[in-house]
file upload-v6.cif (mmCIF, C-alpha atoms and all ligand atoms)
data_final
loop_
_atom_site.label_atom_id
_atom_site.label_comp_id
_atom_site.auth_asym_id
_atom_site.auth_seq_id
_atom_site.Cartn_x
_atom_site.Cartn_y
_atom_site.Cartn_z
CA MET A 21 -30.48 10.82 37.95
CA LEU A 22 -32.64 12.57 35.41
CA LYS A 23 -29.57 13.31 33.37
CA PHE A 24 -28.72 9.64 33.38
CA SER A 25 -32.18 8.66 32.25
CA LYS A 26 -32.24 11.17 29.41
CA TYR A 27 -28.76 10.18 28.28
CA HIS A 28 -29.75 6.54 28.11
CA SER A 29 -33.06 7.16 26.43
CA LEU A 30 -31.28 8.94 23.64
CA ARG A 31 -28.47 6.46 23.51
CA PHE A 32 -30.59 3.33 23.53
CA LEU A 33 -32.93 4.70 20.89
CA LYS A 34 -29.93 4.49 18.62
CA VAL A 35 -29.12 0.90 19.51
CA THR A 36 -30.00 -0.66 16.24
CA SER A 37 -26.61 -1.64 14.88
CA THR A 38 -24.26 -4.26 16.34
CA LYS A 39 -21.63 -1.55 16.58
CA ASN A 40 -23.67 0.38 19.12
CA ILE A 41 -24.36 -2.75 21.14
CA GLN A 42 -20.63 -3.50 21.23
CA CYS A 43 -19.84 -0.13 22.84
CA ARG A 44 -22.04 -0.55 25.88
CA LYS A 45 -20.28 -0.30 29.20
CA ILE A 46 -21.25 -1.90 32.52
CA HIS A 47 -22.94 0.56 34.89
CA VAL A 48 -22.70 -0.17 38.59
CA PHE A 49 -25.79 0.91 40.50
CA ARG A 50 -26.02 1.00 44.27
CA SER A 51 -29.45 2.55 44.71
CA VAL A 52 -32.97 1.65 43.61
CA PRO A 53 -33.80 5.01 41.91
CA GLU A 54 -30.64 4.78 39.77
CA LEU A 55 -31.46 1.23 38.70
CA ARG A 56 -35.06 2.22 37.97
CA ALA A 57 -33.94 5.15 35.83
CA PHE A 58 -31.76 2.76 33.84
CA ARG A 59 -34.66 0.35 33.49
CA ARG A 60 -36.98 3.14 32.28
CA SER A 61 -34.43 4.21 29.69
CA LEU A 62 -34.49 0.69 28.25
CA ARG A 63 -38.25 0.74 27.87
CA ASN A 64 -37.90 3.57 25.39
CA CYS A 65 -36.07 1.47 22.88
CA ASP A 66 -36.21 -1.94 21.33
CA SER A 67 -34.61 -3.84 24.17
CA SER A 68 -35.32 -6.64 26.56
CA LEU A 69 -33.84 -7.21 29.98
CA GLY A 70 -32.57 -10.35 31.70
CA LEU A 71 -31.72 -10.50 35.41
CA VAL A 72 -29.19 -12.85 37.00
CA PRO A 73 -29.37 -12.69 40.80
CA THR A 74 -26.15 -13.72 42.60
CA LEU A 75 -24.43 -13.51 45.97
CA GLY A 76 -21.21 -12.50 44.18
CA ALA A 77 -17.87 -14.38 44.11
CA LEU A 78 -18.67 -15.10 40.49
CA HIS A 79 -17.47 -18.27 38.78
CA LYS A 80 -18.17 -20.03 35.51
CA GLY A 81 -21.58 -21.21 36.74
CA HIS A 82 -22.75 -17.62 37.21
CA LEU A 83 -21.22 -16.65 33.87
CA SER A 84 -23.17 -19.40 32.09
CA LEU A 85 -26.38 -17.79 33.40
CA ALA A 86 -25.21 -14.39 32.13
CA ARG A 87 -24.44 -15.94 28.75
CA ALA A 88 -27.88 -17.53 28.53
CA ALA A 89 -29.38 -14.14 29.42
CA ALA A 90 -27.31 -12.34 26.78
CA ASN A 91 -28.45 -14.85 24.18
CA GLU A 92 -32.07 -13.90 24.81
CA ASN A 93 -31.93 -10.24 25.85
CA SER A 94 -30.23 -7.07 24.66
CA ASP A 95 -29.40 -6.08 28.25
CA VAL A 96 -28.43 -8.16 31.24
CA VAL A 97 -28.39 -6.99 34.87
CA ILE A 98 -26.31 -9.01 37.31
CA SER A 99 -27.24 -8.40 40.92
CA ILE A 100 -24.43 -8.92 43.41
CA TYR A 101 -25.76 -8.89 46.92
CA LEU A 102 -24.78 -11.11 49.83
CA ASN A 103 -28.23 -11.46 51.34
CA PRO A 104 -27.95 -11.97 55.14
CA ALA A 105 -31.57 -13.15 55.44
CA GLN A 106 -30.84 -16.43 53.69
CA PHE A 107 -28.05 -17.40 56.08
CA GLY A 108 -28.88 -19.07 59.38
CA VAL A 109 -27.33 -17.80 62.62
CA ALA A 110 -24.67 -20.52 62.65
CA GLU A 111 -23.91 -20.36 58.92
CA ASP A 112 -20.98 -18.89 57.02
CA LEU A 113 -22.19 -15.36 56.14
CA ASP A 114 -19.17 -13.73 57.77
CA LYS A 115 -16.77 -15.89 55.77
CA TYR A 116 -18.60 -15.91 52.45
CA PRO A 117 -16.12 -14.85 49.73
CA GLN A 118 -16.57 -11.29 48.47
CA THR A 119 -14.62 -10.47 45.33
CA PHE A 120 -16.39 -7.49 43.79
CA ASP A 121 -13.47 -6.15 41.71
CA SER A 122 -12.71 -9.51 40.20
CA ASP A 123 -16.45 -10.10 39.62
CA LEU A 124 -16.59 -6.92 37.59
CA GLN A 125 -13.46 -7.84 35.65
CA GLN A 126 -14.97 -11.21 34.79
CA LEU A 127 -18.11 -9.50 33.49
CA HIS A 128 -16.05 -7.14 31.32
CA ALA A 129 -14.15 -10.13 29.90
CA LEU A 130 -17.44 -11.91 29.34
CA ASN A 131 -18.82 -8.98 27.34
CA GLN A 132 -15.68 -9.09 25.23
CA SER A 133 -16.24 -12.79 24.54
CA PHE A 134 -19.89 -12.06 23.64
CA GLN A 135 -18.65 -9.53 21.12
CA ASP A 136 -16.11 -11.99 19.66
CA GLU A 137 -18.67 -14.80 19.45
CA GLY A 138 -21.58 -12.77 18.12
CA VAL A 139 -23.73 -13.19 21.23
CA PRO A 140 -26.38 -10.48 20.75
CA GLY A 141 -26.77 -9.10 24.29
CA ARG A 142 -24.40 -7.57 26.82
CA VAL A 143 -24.13 -7.26 30.57
CA THR A 144 -24.95 -3.57 30.84
CA ALA A 145 -25.52 -3.18 34.57
CA VAL A 146 -24.49 -4.56 37.93
CA PHE A 147 -26.84 -3.90 40.81
CA ALA A 148 -24.86 -4.01 44.05
CA PRO A 149 -26.98 -2.48 46.81
CA ASP A 150 -26.16 -2.41 50.52
CA THR A 151 -28.35 -3.99 53.18
CA LYS A 152 -30.05 -0.75 54.23
CA THR A 153 -31.18 -0.36 50.62
CA MET A 154 -32.58 -3.86 50.37
CA TYR A 155 -34.12 -3.90 53.87
CA PRO A 156 -35.26 -0.29 54.34
CA THR A 157 -37.40 -0.81 57.45
CA LEU A 158 -36.02 -3.55 59.68
CA PRO A 159 -32.60 -5.17 59.40
CA PRO A 160 -32.81 -8.70 57.97
CA THR A 161 -33.06 -11.38 60.60
CA SER A 162 -31.59 -14.87 60.57
CA GLU A 163 -33.91 -16.03 63.34
CA VAL A 164 -36.76 -18.34 62.33
CA ASP A 165 -39.24 -16.29 64.38
CA GLY A 166 -37.61 -12.91 63.68
CA SER A 167 -39.68 -9.88 62.60
CA GLY A 168 -39.69 -8.35 59.14
CA SER A 169 -41.43 -8.40 55.76
CA PHE A 170 -40.94 -11.85 54.30
CA VAL A 171 -42.16 -14.10 51.54
CA THR A 172 -42.57 -17.71 52.60
CA ILE A 173 -43.39 -20.57 50.28
CA THR A 174 -44.48 -23.77 51.95
CA PRO A 175 -44.17 -26.70 52.00
CA LEU A 176 -41.62 -26.43 49.17
CA GLY A 177 -39.40 -24.13 51.22
CA GLN A 178 -39.40 -26.42 54.25
CA ILE A 179 -38.28 -29.75 52.84
CA LEU A 180 -34.79 -30.99 51.85
CA GLU A 181 -32.56 -27.88 51.85
CA GLY A 182 -35.27 -26.06 53.80
CA ALA A 183 -35.23 -28.73 56.50
CA SER A 184 -31.47 -28.32 56.94
CA ARG A 185 -31.50 -24.53 56.55
CA PRO A 186 -34.77 -23.25 58.05
CA VAL A 187 -34.48 -19.57 57.02
CA PHE A 188 -32.80 -20.16 53.66
CA PHE A 189 -35.78 -20.21 51.31
CA ARG A 190 -37.60 -17.44 53.17
CA GLY A 191 -34.50 -15.32 52.60
CA VAL A 192 -34.24 -16.34 48.93
CA ALA A 193 -37.92 -15.77 48.13
CA THR A 194 -37.87 -12.41 49.91
CA ILE A 195 -34.76 -11.07 48.21
CA CYS A 196 -35.89 -12.31 44.80
CA MET A 197 -39.28 -10.65 45.23
CA LYS A 198 -37.47 -7.38 45.99
CA LEU A 199 -35.05 -7.77 43.07
CA PHE A 200 -37.81 -8.70 40.62
CA ASN A 201 -39.84 -5.66 41.70
CA ILE A 202 -36.87 -3.35 41.34
CA VAL A 203 -35.40 -4.66 38.09
CA GLN A 204 -38.64 -5.60 36.26
CA ALA A 205 -36.78 -7.95 33.94
CA GLU A 206 -38.56 -9.77 31.15
CA ARG A 207 -36.62 -12.91 32.11
CA VAL A 208 -34.79 -14.09 35.23
CA TYR A 209 -32.04 -16.72 35.21
CA PHE A 210 -31.33 -19.37 37.84
CA GLY A 211 -29.07 -22.41 38.00
CA GLN A 212 -30.12 -26.05 37.99
CA LYS A 213 -27.29 -26.46 40.53
CA ASP A 214 -29.79 -25.18 43.10
CA ALA A 215 -32.70 -27.27 41.87
CA GLN A 216 -35.05 -26.62 44.77
CA GLN A 217 -34.32 -22.89 44.66
CA SER A 218 -35.18 -22.76 40.95
CA LEU A 219 -38.50 -24.51 41.60
CA LEU A 220 -39.22 -22.14 44.46
CA ILE A 221 -38.61 -19.16 42.17
CA LYS A 222 -40.99 -20.61 39.58
CA ARG A 223 -43.57 -20.99 42.34
CA LEU A 224 -42.96 -17.41 43.52
CA VAL A 225 -43.53 -16.06 40.00
CA LYS A 226 -46.64 -18.19 39.50
CA ASP A 227 -48.31 -17.63 42.87
CA PHE A 228 -47.67 -13.87 43.02
CA HIS A 229 -48.41 -13.30 39.31
CA LEU A 230 -45.02 -11.73 38.71
CA ASP A 231 -44.53 -10.57 35.16
CA THR A 232 -41.33 -12.36 34.28
CA GLU A 233 -40.20 -15.66 32.79
CA VAL A 234 -37.99 -18.02 34.77
CA ARG A 235 -35.17 -19.75 32.93
CA VAL A 236 -33.20 -22.59 34.53
CA ILE A 237 -29.68 -23.13 33.18
CA PRO A 238 -27.72 -26.44 33.41
CA THR A 239 -25.08 -26.95 36.10
CA GLU A 240 -21.50 -25.98 35.24
CA ARG A 241 -19.03 -28.54 36.53
CA GLU A 242 -15.30 -28.85 37.07
CA ALA A 243 -13.42 -31.39 34.91
CA ASP A 244 -13.91 -34.09 37.60
CA ASN A 245 -17.66 -33.41 37.77
CA LEU A 246 -17.82 -31.39 40.99
CA ALA A 247 -20.47 -28.69 40.55
CA ARG A 248 -18.91 -25.24 40.55
CA SER A 249 -19.72 -23.24 43.66
CA SER A 250 -18.40 -20.09 45.32
CA ARG A 251 -17.85 -22.16 48.47
CA ASN A 252 -15.51 -24.67 46.75
CA VAL A 253 -12.60 -22.32 47.47
CA TYR A 254 -12.98 -23.13 51.16
CA LEU A 255 -12.33 -26.83 50.67
CA GLY A 256 -8.56 -26.93 50.27
CA GLN A 257 -6.90 -29.62 48.20
CA ARG A 258 -7.52 -32.58 50.51
CA ARG A 259 -11.28 -32.12 50.90
CA ARG A 260 -11.55 -31.01 47.28
CA ILE A 261 -10.37 -34.46 46.12
CA ALA A 262 -12.84 -36.27 48.38
CA ALA A 263 -15.70 -33.94 47.38
CA THR A 264 -16.31 -35.74 44.08
CA MET A 265 -17.94 -38.61 46.01
CA LEU A 266 -21.19 -36.61 45.91
CA PRO A 267 -21.50 -36.12 42.12
CA ASP A 268 -20.18 -39.66 41.61
CA ALA A 269 -22.89 -41.08 43.89
CA LEU A 270 -25.55 -39.14 42.02
CA ARG A 271 -24.28 -40.51 38.70
CA ILE A 272 -24.50 -44.05 40.09
CA ALA A 273 -28.12 -43.41 41.03
CA GLU A 274 -28.80 -41.91 37.60
CA MET A 275 -27.40 -45.02 35.92
CA GLN A 276 -29.91 -47.24 37.70
CA TYR A 277 -32.70 -45.28 36.03
CA LEU A 278 -31.07 -44.63 32.65
CA HIS A 279 -29.30 -47.91 31.96
CA HIS A 280 -30.98 -50.45 34.22
CA GLY A 281 -34.55 -49.20 33.94
CA LYS A 282 -35.04 -48.98 37.71
CA LEU A 283 -37.92 -46.86 38.98
CA ALA A 284 -38.21 -47.72 42.69
CA LYS A 285 -36.58 -45.29 45.10
CA ASN A 286 -34.60 -47.95 46.93
CA GLU A 287 -33.34 -49.56 43.72
CA ILE A 288 -32.11 -46.20 42.46
CA LEU A 289 -30.67 -44.81 45.69
CA THR A 290 -29.29 -47.91 47.44
CA PRO A 291 -26.29 -48.33 45.10
CA ALA A 292 -25.53 -44.62 45.58
CA TYR A 293 -25.72 -44.97 49.39
CA LYS A 294 -23.43 -48.03 49.24
CA PHE A 295 -20.89 -46.19 47.12
CA LEU A 296 -20.98 -43.16 49.39
CA THR A 297 -20.57 -45.24 52.53
CA LEU A 298 -17.50 -46.98 51.06
CA GLN A 299 -16.00 -43.64 50.03
CA GLN A 300 -16.71 -42.11 53.43
CA GLU A 301 -15.03 -45.08 55.15
CA HIS A 302 -12.06 -44.92 52.81
CA PHE A 303 -11.36 -41.24 53.49
CA GLU A 304 -12.13 -41.57 57.20
CA ASN A 305 -9.63 -44.42 57.64
CA LEU A 306 -6.69 -42.66 56.04
CA PRO A 307 -3.77 -41.58 58.28
CA ASP A 308 -4.28 -38.37 60.32
CA LYS A 309 -2.67 -36.06 57.80
CA GLU A 310 -4.71 -37.43 54.87
CA ARG A 311 -8.05 -38.10 56.57
CA VAL A 312 -11.23 -36.44 55.32
CA SER A 313 -14.36 -36.75 57.44
CA THR A 314 -17.75 -36.27 55.88
CA GLU A 315 -21.37 -36.40 56.93
CA LEU A 316 -24.19 -37.14 54.53
CA ASP A 317 -27.09 -34.77 55.06
CA TYR A 318 -29.46 -36.42 52.58
CA LEU A 319 -29.86 -38.26 49.30
CA SER A 320 -33.26 -37.76 47.75
CA ILE A 321 -35.30 -38.74 44.76
CA ALA A 322 -38.08 -36.26 44.32
CA ASP A 323 -40.89 -35.07 42.10
CA PRO A 324 -39.52 -32.58 39.53
CA GLU A 325 -42.28 -30.04 40.20
CA ASP A 326 -42.67 -29.89 43.96
CA MET A 327 -39.74 -31.93 45.29
CA HIS A 328 -41.91 -34.28 47.34
CA GLU A 329 -40.09 -37.52 48.03
CA LEU A 330 -40.99 -40.35 45.63
CA VAL A 331 -41.39 -44.02 46.33
CA GLU A 332 -41.34 -44.76 42.61
CA VAL A 333 -40.44 -42.61 39.60
CA ASP A 334 -43.15 -42.04 37.03
CA PRO A 335 -41.13 -42.54 33.81
CA GLY A 336 -43.47 -40.13 32.02
CA LYS A 337 -42.51 -37.39 34.45
CA GLY A 338 -38.95 -38.10 35.55
CA ALA A 339 -37.46 -37.00 38.87
CA ILE A 340 -34.70 -35.05 40.55
CA ILE A 341 -31.99 -36.94 42.43
CA SER A 342 -30.26 -34.63 44.85
CA GLY A 343 -27.87 -34.79 47.74
CA ALA A 344 -26.12 -32.70 50.37
CA LEU A 345 -22.81 -33.66 51.93
CA LYS A 346 -20.93 -31.92 54.71
CA MET A 347 -17.17 -31.86 54.39
CA LEU A 348 -16.13 -31.63 58.04
CA PRO A 349 -13.21 -29.53 59.31
CA LEU A 350 -9.75 -31.10 59.02
CA GLN A 351 -8.55 -32.30 62.42
CA HIS A 352 -4.88 -32.45 61.52
CA SER A 353 -3.86 -30.03 58.82
CA SER A 354 -0.29 -29.61 57.64
CA SER A 355 1.32 -26.17 57.68
CA GLN A 356 1.27 -26.35 53.88
CA GLU A 357 -2.51 -26.87 53.91
CA SER A 358 -3.08 -24.00 56.33
CA LEU A 359 -1.29 -21.75 53.87
CA GLU A 360 -3.54 -22.64 50.94
CA ALA A 361 -5.13 -19.39 49.86
CA GLY A 362 -8.78 -18.88 50.74
CA THR A 363 -9.28 -22.21 52.49
CA GLU A 364 -11.37 -22.55 55.64
CA LEU A 365 -10.07 -25.83 56.98
CA THR A 366 -11.66 -25.38 60.41
CA ARG A 367 -15.19 -25.01 58.99
CA ASN A 368 -17.75 -27.32 57.51
CA VAL A 369 -18.24 -26.93 53.78
CA ARG A 370 -21.67 -28.12 52.76
CA LEU A 371 -21.92 -29.35 49.16
CA ILE A 372 -25.19 -29.74 47.28
CA ASP A 373 -25.76 -31.24 43.86
CA ASN A 374 -28.46 -32.86 41.76
CA ILE A 375 -29.21 -34.64 38.52
CA VAL A 376 -32.45 -34.45 36.60
CA LEU A 377 -33.86 -37.80 35.50
CA LYS A 378 -35.60 -36.86 32.28
CA PRO A 379 -38.99 -38.31 31.38
CA GLN A 380 -38.63 -41.40 29.19
CA TYR A 381 -41.56 -40.55 26.96
P1 LIG B 1 -25.29 -17.93 44.18
O1 LIG B 1 -24.43 -16.73 43.98
O2 LIG B 1 -24.56 -19.11 44.69
O3 LIG B 1 -26.57 -17.62 44.91
O4 LIG B 1 -25.76 -18.37 42.73
C1 LIG B 1 -26.41 -17.47 41.87
C2 LIG B 1 -27.05 -18.25 40.75
O5 LIG B 1 -26.05 -18.99 40.07
C3 LIG B 1 -28.08 -19.27 41.26
O6 LIG B 1 -29.19 -19.26 40.38
C4 LIG B 1 -27.33 -20.56 41.18
O7 LIG B 1 -28.17 -21.69 40.99
C5 LIG B 1 -26.46 -20.33 39.97
N1 LIG B 1 -25.29 -21.23 40.01
C6 LIG B 1 -24.44 -21.40 41.04
N2 LIG B 1 -23.53 -22.35 40.74
C7 LIG B 1 -23.84 -22.79 39.50
C8 LIG B 1 -23.28 -23.78 38.63
N3 LIG B 1 -22.24 -24.52 38.98
N4 LIG B 1 -23.86 -23.96 37.42
C9 LIG B 1 -24.94 -23.21 37.04
N5 LIG B 1 -25.51 -22.27 37.82
C10 LIG B 1 -24.96 -22.06 39.02
#
call {"tool": "encode", "arguments": {"input": "upload-v6.cif", "output": "C-alpha cells"}}
result
Amino acid sequence: MLKFSKYHSLRFLKVTSTKNIQCRKIHVFRSVPELRAFRRSLRNCDSSLGLVPTLGALHKGHLSLARAAANENSDVVISIYLNPAQFGVAEDLDKYPQTFDSDLQQLHALNQSFQDEGVPGRVTAVFAPDTKTMYPTLPPTSEVDGSGSFVTITPLGQILEGASRPVFFRGVATICMKLFNIVQAERVYFGQKDAQQSLLIKRLVKDFHLDTEVRVIPTEREADNLARSSRNVYLGQRRRIAATMLPDALRIAEMQYLHHGKLAKNEILTPAYKFLTLQQEHFENLPDKERVSTELDYLSIADPEDMHELVEVDPGKGAIISGALKMLPLQHSSSQESLEAGTELTRNVRLIDNIVLKPQY
C-alpha cells in the first residue's frame, strides 16, 4: 500500500505534460485503504478528481458522465458496485446485469477516445468493492424497517420513485455518502435520466455539508428516443418496440408547454395520458404472439427543486415532467424470443424517464 502511494506521488508530480497524462492506466481497487492511498497520491500534485458512481453494466449513458468528468478533472474514478440496499425485497437485484470485464474494456476504449479527441482527463481508477467492504458492520437490508446505518432524506425520498420503491432512495443516499467519504472527489457526476436521484444527491451534499460539487449530465438516448438503461437488455425485441411510448408521451407533454404555452398540469399531462392510453390499448389488443402489456405507474409534473407535484408551472422556474411505466412479462413468447440473449421475458421491466421544462425567462 505504502509502495503504491509513494509510486503515485512521484509519478503524479511529473504529470505536467499531455504525454504523461496519456500513459495513465486504470487501477482497479477493491478496498478502501487502497483507494485512499491513490486519492492521497493525487493530492500531492496538480490534479482534480471526479467520481462517477454506477451499479455497473456500463452503457453510453454512464460513459457520457465519465466524459463530462474527464473534461473537468485530471482523474476520474468510476465506482462499480451493485448496491443491495437500494433494491426492494421483490426487485431484480439477483438478475441485475453484471458485466465487469466488458465495463473495464469500455473504459479503456473511452480513455483512448479521450486521447484522440484531446479530452484533458482520464479514467484512472475503478472502485469495485464487495458488500462486506461497503457495509462493514451489518449486512445491507432491503426491509423498510431493517436495522443498519442509513441516510434518509425526506420527503424528497418518499415521493414518486420513492413511493413505488420505498427503500430505494435510502439505499442511494447511504451508498453515495459512503462513496463520497471514501473517494473525496472534487466533483461527482449523476445523470438527468434519474432526475429525482440527482436532486436527492444535491440535497445530501447541501444538508450534510459535503465538500464536493454535484454535476448533472443530460440523458443519453437510443436513436428512437428511449433513454439508455442497463435494464433495457431485459426487454427483448417486442417490448423494446413498445417501450418508446413513454418518451413519446413525455415529448407530447413537453410540446404543450413549449409550443402551446400551456402551464396548467392537466393541460400539459392530459394529452400525454391520452396518447399513452391509446398506445397501451393498441399493444394490448394485438394477437397473443405480438401482445405487449404495460402498466403506467405515474406521470408527473413537478417542481424542479424538490419534485413536489405542481398544479401550474411557474414559467420563471420551469418543471420536470417524469413518468414510470412497467413493461409486464410476455404471456406468450415464441421460442425465438426466449432465445434472445439477456432477455427476461417473464419479469417486469420498469422504465423511468423525464424531460426538463426549462424556465421561459
Ligand atoms: P446506474 O448504474 O443505473 O445507477 O447509473 C449510474 C449513473 O448513470 C446515474 O447517475 C444515472 O443517472 C446515470 N445514467 C444512467 N442512464 C443514463 C443515461 N441514459 N443518460 C445519462 N446518464 C445516465
call {"tool": "residues_around", "arguments": {"input": "upload-v6.cif", "residues": "Gly168 in chain A", "least_positions_apart": "2", "cutoff": "12 Å", "atoms": "all atoms listed in the file", "output": "PyMOL selection string"}}
result
chain A and resi 105+155-166+170-172+190-191+194
call {"tool": "residues_near_ligand", "arguments": {"input": "upload-v6.cif", "ligand": "ligand LIG 1 (chain B)", "cutoff": "9 Å", "atoms": "all atoms listed in the file", "output": "number ranges by chain"}}
result
A: 72-85, 100-102, 192, 209-215, 217-218, 236-242, 246-251
call {"tool": "closest_residue", "arguments": {"input": "upload-v6.cif", "among": "A:Ala148, A:Ala284, A:Val203, A:Ile179", "to": "Ser68 in chain A", "atoms": "only C-alpha atoms"}}
result
A:Val203
call {"tool": "residues_around", "arguments": {"input": "upload-v6.cif", "residues": "Val139 in chain A", "least_positions_apart": "2", "cutoff": "7 Å", "atoms": "all atoms listed in the file", "output": "PDB file with C-alpha atoms, in the coordinates of the input"}}
result
ATOM      1  CA  ALA A  90     -27.310 -12.340  26.780  1.00  0.00           C
ATOM      2  CA  ASN A  91     -28.450 -14.850  24.180  1.00  0.00           C
ATOM      3  CA  PHE A 134     -19.890 -12.060  23.640  1.00  0.00           C
ATOM      4  CA  GLN A 135     -18.650  -9.530  21.120  1.00  0.00           C
ATOM      5  CA  GLU A 137     -18.670 -14.800  19.450  1.00  0.00           C
ATOM      6  CA  GLY A 141     -26.770  -9.100  24.290  1.00  0.00           C
TER       7      GLY A 141
END
call {"tool": "residues_around", "arguments": {"input": "upload-v6.cif", "residues": "Asp227 in chain A", "least_positions_apart": "2", "cutoff": "12 Å", "atoms": "all atoms listed in the file", "output": "VMD selection string"}}
result
chain A and resid 171 to 174 193 197 220 to 225 229 to 231
call {"tool": "atom_distance", "arguments": {"input": "upload-v6.cif", "atom1": "CA of Met265 in chain A", "atom2": "CA of Gln299 in chain A"}}
result
6.7 Å
call {"tool": "closest_residue", "arguments": {"input": "upload-v6.cif", "among": "A:Glu181, A:Glu332, A:Asp317, A:Asp244", "to": "Leu283 in chain A", "atoms": "all atoms listed in the file"}}
result
A:Glu332
call {"tool": "residues_around", "arguments": {"input": "upload-v6.cif", "residues": "Arg367 in chain A", "least_positions_apart": "5", "cutoff": "12 Å", "atoms": "only C-alpha atoms", "output": "PyMOL selection string"}}
result
chain A and resi 110-112+115-116+251+254-256+259+313-314+346-351
call {"tool": "atom_distance", "arguments": {"input": "upload-v6.cif", "atom1": "CA of Ile372 in chain A", "atom2": "CA of Pro267 in chain A"}}
result
9.0 Å
call {"tool": "axis_aligned_box", "arguments": {"input": "upload-v6.cif", "around": "range 96-99 of chain A", "padding_each_side": "4 Å", "output": "lines of an AutoDock Vina configuration file"}}
result
center_x = -27.4
center_y = -8.0
center_z = 36.1
size_x = 10.1
size_y = 10.0
size_z = 17.7
call {"tool": "atom_distance", "arguments": {"input": "upload-v6.cif", "atom1": "CA of Arg370 in chain A", "atom2": "CA of Ser342 in chain A"}}
result
13.4 Å
call {"tool": "closest_residue", "arguments": {"input": "upload-v6.cif", "among": "A:Leu289, A:Cys65, A:Val109, A:Ser354", "to": "Phe188 in chain A", "atoms": "all atoms listed in the file"}}
result
A:Val109
call {"tool": "closest_residue", "arguments": {"input": "upload-v6.cif", "among": "A:Gln276, A:Gln216, A:Gln125, A:Asn103", "to": "Ile288 in chain A", "atoms": "all atoms listed in the file"}}
result
A:Gln276
call {"tool": "residues_around", "arguments": {"input": "upload-v6.cif", "residues": "range 278-280 of chain A", "least_positions_apart": "5", "cutoff": "12 Å", "atoms": "all atoms listed in the file", "output": "number ranges by chain"}}
result
A: 271-273, 287-288, 333, 335, 338-339, 375-380
call {"tool": "residues_near_point", "arguments": {"input": "upload-v6.cif", "point": "(-30.9, -13.7, 24.7)", "cutoff": "12 Å", "atoms": "all atoms listed in the file", "output": "MDAnalysis selection string"}}
result
chainID A and resid 67:71 85:96 134 138:143 206:209 235
call {"tool": "write_last_selection", "arguments": {"input": "upload-v6.cif", "atoms": "C-alpha atoms", "output": "mmCIF file, keeping the file's coordinate frame"}}
result
data_model
loop_
_atom_site.group_PDB
_atom_site.id
_atom_site.type_symbol
_atom_site.label_atom_id
_atom_site.label_comp_id
_atom_site.auth_asym_id
_atom_site.auth_seq_id
_atom_site.Cartn_x
_atom_site.Cartn_y
_atom_site.Cartn_z
ATOM 1 C CA SER A 67 -34.610 -3.840 24.170
ATOM 2 C CA SER A 68 -35.320 -6.640 26.560
ATOM 3 C CA LEU A 69 -33.840 -7.210 29.980
ATOM 4 C CA GLY A 70 -32.570 -10.350 31.700
ATOM 5 C CA LEU A 71 -31.720 -10.500 35.410
ATOM 6 C CA LEU A 85 -26.380 -17.790 33.400
ATOM 7 C CA ALA A 86 -25.210 -14.390 32.130
ATOM 8 C CA ARG A 87 -24.440 -15.940 28.750
ATOM 9 C CA ALA A 88 -27.880 -17.530 28.530
ATOM 10 C CA ALA A 89 -29.380 -14.140 29.420
ATOM 11 C CA ALA A 90 -27.310 -12.340 26.780
ATOM 12 C CA ASN A 91 -28.450 -14.850 24.180
ATOM 13 C CA GLU A 92 -32.070 -13.900 24.810
ATOM 14 C CA ASN A 93 -31.930 -10.240 25.850
ATOM 15 C CA SER A 94 -30.230 -7.070 24.660
ATOM 16 C CA ASP A 95 -29.400 -6.080 28.250
ATOM 17 C CA VAL A 96 -28.430 -8.160 31.240
ATOM 18 C CA PHE A 134 -19.890 -12.060 23.640
ATOM 19 C CA GLY A 138 -21.580 -12.770 18.120
ATOM 20 C CA VAL A 139 -23.730 -13.190 21.230
ATOM 21 C CA PRO A 140 -26.380 -10.480 20.750
ATOM 22 C CA GLY A 141 -26.770 -9.100 24.290
ATOM 23 C CA ARG A 142 -24.400 -7.570 26.820
ATOM 24 C CA VAL A 143 -24.130 -7.260 30.570
ATOM 25 C CA GLU A 206 -38.560 -9.770 31.150
ATOM 26 C CA ARG A 207 -36.620 -12.910 32.110
ATOM 27 C CA VAL A 208 -34.790 -14.090 35.230
ATOM 28 C CA TYR A 209 -32.040 -16.720 35.210
ATOM 29 C CA ARG A 235 -35.170 -19.750 32.930
#
call {"tool": "build_atoms", "arguments": {"input": "upload-v6.cif", "residues": "range 90-98 of chain A", "atoms": "N, CA and C atoms", "output": "tab-separated table (two decimals), in the frame of the given file"}}
result
chain	number	residue	atom	x	y	z
A	90	ALA	N	-27.73	-13.20	27.90
A	90	ALA	CA	-27.31	-12.34	26.78
A	90	ALA	C	-27.72	-12.93	25.43
A	91	ASN	N	-27.96	-14.23	25.42
A	91	ASN	CA	-28.45	-14.85	24.18
A	91	ASN	C	-29.91	-14.52	23.92
A	92	GLU	N	-30.63	-14.12	24.97
A	92	GLU	CA	-32.07	-13.90	24.81
A	92	GLU	C	-32.50	-12.45	25.02
A	93	ASN	N	-31.57	-11.62	25.50
A	93	ASN	CA	-31.93	-10.24	25.85
A	93	ASN	C	-30.84	-9.29	25.37
A	94	SER	N	-31.24	-8.06	25.05
A	94	SER	CA	-30.23	-7.07	24.66
A	94	SER	C	-29.42	-6.63	25.88
A	95	ASP	N	-30.06	-6.57	27.04
A	95	ASP	CA	-29.40	-6.08	28.25
A	95	ASP	C	-29.52	-7.11	29.37
A	96	VAL	N	-28.43	-7.22	30.11
A	96	VAL	CA	-28.43	-8.16	31.24
A	96	VAL	C	-28.00	-7.39	32.50
A	97	VAL	N	-28.78	-7.54	33.56
A	97	VAL	CA	-28.39	-6.99	34.87
A	97	VAL	C	-27.95	-8.16	35.74
A	98	ILE	N	-26.76	-8.02	36.33
A	98	ILE	CA	-26.31	-9.01	37.31
A	98	ILE	C	-26.47	-8.35	38.68
